[in-house]
Structure formats: C-alpha cells, structure tokens
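Undergrad: Please see the structure below; I have some questions.
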2 protein chains.
Amino acid sequence: MSTVLAENDDLSGAEKVFAFFRDALVDGSLKPGERLLGERELSLRLGVSRPVLREALRSLSMLGFLDIRHGKGAYVRQADINVLSDFFTFSLAQQPDILDDVMQARIAIECQAIRLACERATETDLKHIGSRLTQLMDTLHDPMDGGAADFAFHQAIVEASRSEALVTLYGAIGELLRRSHVQRREVTVSEPGIVDYLVEAHREVFLSIVERDADAADRKLRDHFAIGDEFRRRSLISAFTRRPQT
Amino acid sequence: MSTVLAENDDLSGAEKVFAFFRDALVDGSLKPGERLLGERELSLRLGVSRPVLREALRSLSMLGFLDIRHGKGAYVRQADINVLSDFFTFSLAQQPDILDDVMQARIAIECQAIRLACERATETDLKHIGSRLTQLMDTLHDPMDGGAADFAFHQAIVEASRSEALVTLYGAIGELLRRSHVQRREVTVSEPGIVDYLVEAHREVFLSIVERDADAADRKLRDHFAIGDEFRRRSLISAFTRRPQT
DNA sequence: GGCCTTACAGTGGTCTGACCACTGATTCCC
DNA sequence: GGGAATCAGTGGTCAGACCACTGTAAGGCC
C-alpha cells in the first residue's frame, strides 16, 4: 500500500479503490474530518480514471463513510446509523412478515437496555424519560402523535442505557419500529381499556427505573410487550367479528 | 414514478437513481433474482448518463442489493448480512473501546434468543446445540479452537430462537464477537478452575433449554456472562501482579 | 452426424476529455 | 469600507469510444 495500491490484481479497479479506502479507514490512516484530495489528483495517484474513482467514492458516501460536498471536496466522516437504518428498512422489507419478528429484536435490546439504565441512568436521563412519559399521556387520543410519543419513550430508555452498541442497534431497527408503533396504535386505539392500560404500564416501567430495580424493570417491560400483543390480538378478533365483510 | 423518475429535483443524479432503485426494491416491483436492463438501455430510460447510472449501481452492489456480473448483467439480490457485518466491523472500529460495549448487545440478543429457543427449538436444534457443546469440551486446551467452539455454541442457541431478526443482528456483530472470544480465551486459559467452570456453565445453559425453562435459561446465561467477566478481571489482575514489567 | 473450434453479439469495465454547477476567496468598483 | 463581480478549484455530468468477459450460434473438422 506504500506506493499506492499497485498489486491486488484480480480485483476490478473500483473494488481496488474501495478496498484501499476501507483499509485506510480501518487502520486509522484516514481520520474523520480529514479532507481527501481532489478527484482528478486522486485518480492520478491511485492509477484509475476519474469515473472509476467516483464509483468508489460514491459507494463510500452511500455507506456513510464520506461526506461529499459539491464545490468543496470529500471529507471522511464518522459513520452514523442512518445508513444502517436504511439498510434494515429495505433489507427486511424484502422479507414480508418480518415486522413481527423485528419485535423480538426490540424486546431483546430494550430489556437489556433497561437493566443497564437502572444502573447507569443519570438524573438528566430520568428527567428525559419522564418528560416523554408526560408527552405520551398528552397524545393518547391521536394514533400518529401517540405512536411517536410511545416510540420516543422507549427510545429514551435505550439511550439511558449509555451503551453505544445498544443505541446503534436500536437505531438500526428504529425506522421499522416507528412505523409499526403508529400501525399498532391505529389498530388498538378503539379497544376498551387501552388508554388506561397504556398510561399505567408505561408509568410502572418508568418507576422501576427510578427505583433502579433491574429485575423488576425487565419483568415489567416484558409484561408490557406481552399485554400489548394481547390487546392487538383481541382487537383484530373483534374487528373481524364485527364486520367480516369489510 | 410512472414515467421514470422525472421530478425529485434537489437530489443529484446518482442519488435520484439510487432512490429510484431503493423504492423499487422496497415496494416489491423489483424482486430478487430479476435481471436489470443493460446499462446503456437503463441510462436512457432513467435519463442519466452511463457513468452516473454506474455510480448508483455500484453503490447498490456494495450494499449487497445487486449482483453485477461482467459480461452477463446486473441481478437483484436478497441482501445478506455480510454487508452488515462489514459495516459494523469498520464502523465500530472507528470507536475504540467499543468492543466491551458490543458485549451488551450480545447479552441482549442471546438472552432474548434463549427465551425463544426454550419455546421454539426443535429436536434438531437441540441436537445441534448439544454437538457444539461436545465440540467445546474437546477444545478446551486451545484458545483458537476453543474460542471458535464457544462462539459456535452460542450461535447455535441464537439460531434455535428461529427469529430471523435476532439471527441477523447477531450475525452483524458476529465478526467482532468471534475475535473477542479468542482474545478472551487467551487471557483466561491459564486461570485456575476456568476449564471446569466453562464446561459446567455451558452445560447448565444447555440443560435449561432442554427443559424449556425460559426464565432459568435467561438467568443462567446472564450468570455465565457475569462470571466470565469476573474471570477476566481476576486474570488481568494476576497478570499485572505477577509480572508488572511485562 | 457429432463434436470441437471459432466468431459474434451483448454486456459490464474503463478511459478520455470536455463542459456545467457550486463554493469560497480574491479583487474590483462604488 | 462595504458590497458586487470575478475567478480558481472542486464535485457533477456527459458523450463516445474501446477493452474484457460471457454465452451462443455458426462454422469446420473428424
């Protein structure tokens, strides 16, 4: 790699360039914030044409590792989770019926996150979660806002875990969850007792964190998910019972 | 979108094309296995030049959604998790010290997976996990093989959960875990009692699944992780106590 | 006739060189 | 001195050509 990239045949040009940058990123010779040379200069150095170089740069940019700004240049960027979220969104979209299964991942992440939150949450974190709870109670009537508030509450818990990895993974399935939250609310909003239940369940979860009782918090959260499933099932049954033609 | 892509200004050409394909993939109008039109034809239809089209295609290919074969054409592909794994590997590589944090994600996924495994595991799954356990016992002496066997055992549990989403996420952090397994074994292999402990802990976990006791399995797994941490801590302490110069 | 070889058409891969569009700084004019 | 015009540098796009690979169909050989 010292000279440029020279060897590494059997790889096509663009892939060589791509691999070159990947390695440079991994081994730290390219740091976030750094500016790359111009495309013309770079293509000369790497021994490929500008279009080929651009293919590689564009790919890296799509993956979130480069920030390319018209008229300014290309900058190395700390990859963020938006790409991951995109990826999951249309990777999992290819497999229908996966949405229910994503719920399993959600339970996994949140239950571990809430345990960590019980240990690590700061006062600020608790306040944050609390304010989301208030918001949730204020939007119970509206599927759209209510779903968003619900999601925000759970997200605040995950953030309170102070675990980058958990937050990252949660962000990755976040877009899918956000949609499903709204959908679920639309289905269950008319179910009797749902409003009272929602408030109570979320408050209990919140209180467990405040009391820093990890086992209890985990249990309450699992119960919350299980009962949510139950509500949805009941609501679907009644929907099909009341108007089987629709 | 009916005509081609027409509107959607403010996006650069390649991004328009990229978005076009992403949408087509998400809404199912492009199915895995399908063959795209040739680059020349496609660039005409989409109203962009071939290089620009290629930038988008290459990006999609890097993301794993296209399989481009020289001389044959571009085929839609079901995205697999290798891309994700790659992504995590060098996204998280940018943040040192994240490896410990990945452990949190691991605990999250495995603890939920083992609960599901208790409900869903087939006889074949159980046999599979069992054989991995045997393999683990046969390779206790070797950090390399032992680490691999350890990882394989845990992976078998996740697979027994029969949850695509969990398996996918686990695969995403798999490469990082695999490395850390070997590293951990190297650190703790000389710790007194570690061998007996490893066998016992894994066997108890396995038995809990066989007995289909979800709560117990979850607890045993958490204990296993906690005790593993303890062993590593102890081993680090003694290493620095015995030979502070090294 | 059957098999192997060759030629060809179609496809992705690469290159060149040009021009456009945006950005930021410099310069010029008021 | 402040604002506007200019300009160099950069990414964005394009057209057209040629190379390399693949599969097939035509041709020739046995």
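Simple scheme: letters A, B, ... for chains in structure tokens order, numbers from 1 for residues in each chain, numbers from 1 for ligands in the order shown.
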Within range 138-227 of chain A, find each residue whose DSSP state, derived from the backbone, is alpha helix (DSSP H), and express the selection as a PyMOL selection string.
TA: chain A and resi 138+143-160+164-188+194-210+214-227
Undergrad: Please, which residues of chain A lie no more than 9 Å from chain D when the count uses only C-alpha atoms (C1' of nucleotides), and can they be set out as a PyMOL selection string?
TA: chain A and resi 38-39+68-74
Undergrad: Could you list, as a PyMOL selection string, the residues of chain C having an atom within 12 Å of chain A when counting only C-alpha atoms (C1' of nucleotides)?
TA: chain C and resi 12-17+21-24
Undergrad: Work out how far CA of Gln135 in chain B is from CA of Asp100 in chain B, in Å to one decimal.
TA: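 Going from CA of Asp100 in chain B over to CA of Gln135 in chain B, I get 26.1 Å.
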Undergrad: Please check the contacts: residues of chain B at most 8 Å away from chain A, using only C-alpha atoms, listed as number ranges by chain.
TA: B: 22, 25-26, 28, 51, 54-56, 58-60, 62-63, 78-79, 84, 90-91, 93-94, 98, 101-102, 104-105, 107-113, 163-166, 169
Undergrad: With the cut-off set at 12 Å and counting only C-alpha atoms, tabulate each residue of range 151-229 of chain B with an atom at most that distance from an atom of range 210-231 of chain A, showing the nearest atom pair and its distance in Å to one decimal, ordered by chain and increasing number, as a tab-separated table.
TA:
```
residue	atom	partner	partner_atom	distance
B:Asp215	CA	A:Arg219	CA	10.5
B:Asp218	CA	A:Asp218	CA	11.7
B:Arg219	CA	A:Asp215	CA	10.5
B:Arg222	CA	A:Asp215	CA	11.8
```
Undergrad: So how far away is CA of Val76 in chain A from CA of Lys16 in chain A, in Å?
TA: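 Separation between CA of Lys16 in chain A and CA of Val76 in chain A: 18.2 Å.
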Undergrad: Could you please write out, as a list of chain:residue names, every residue of range 30-139 of chain B that DSSP assigns to strand (DSSP E)?
TA: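 Residues meeting the strand (DSSP E) criterion: B:Leu66, B:Asp67, B:Ile68, B:Arg69, B:Gly73, B:Ala74, B:Tyr75, B:Val76.
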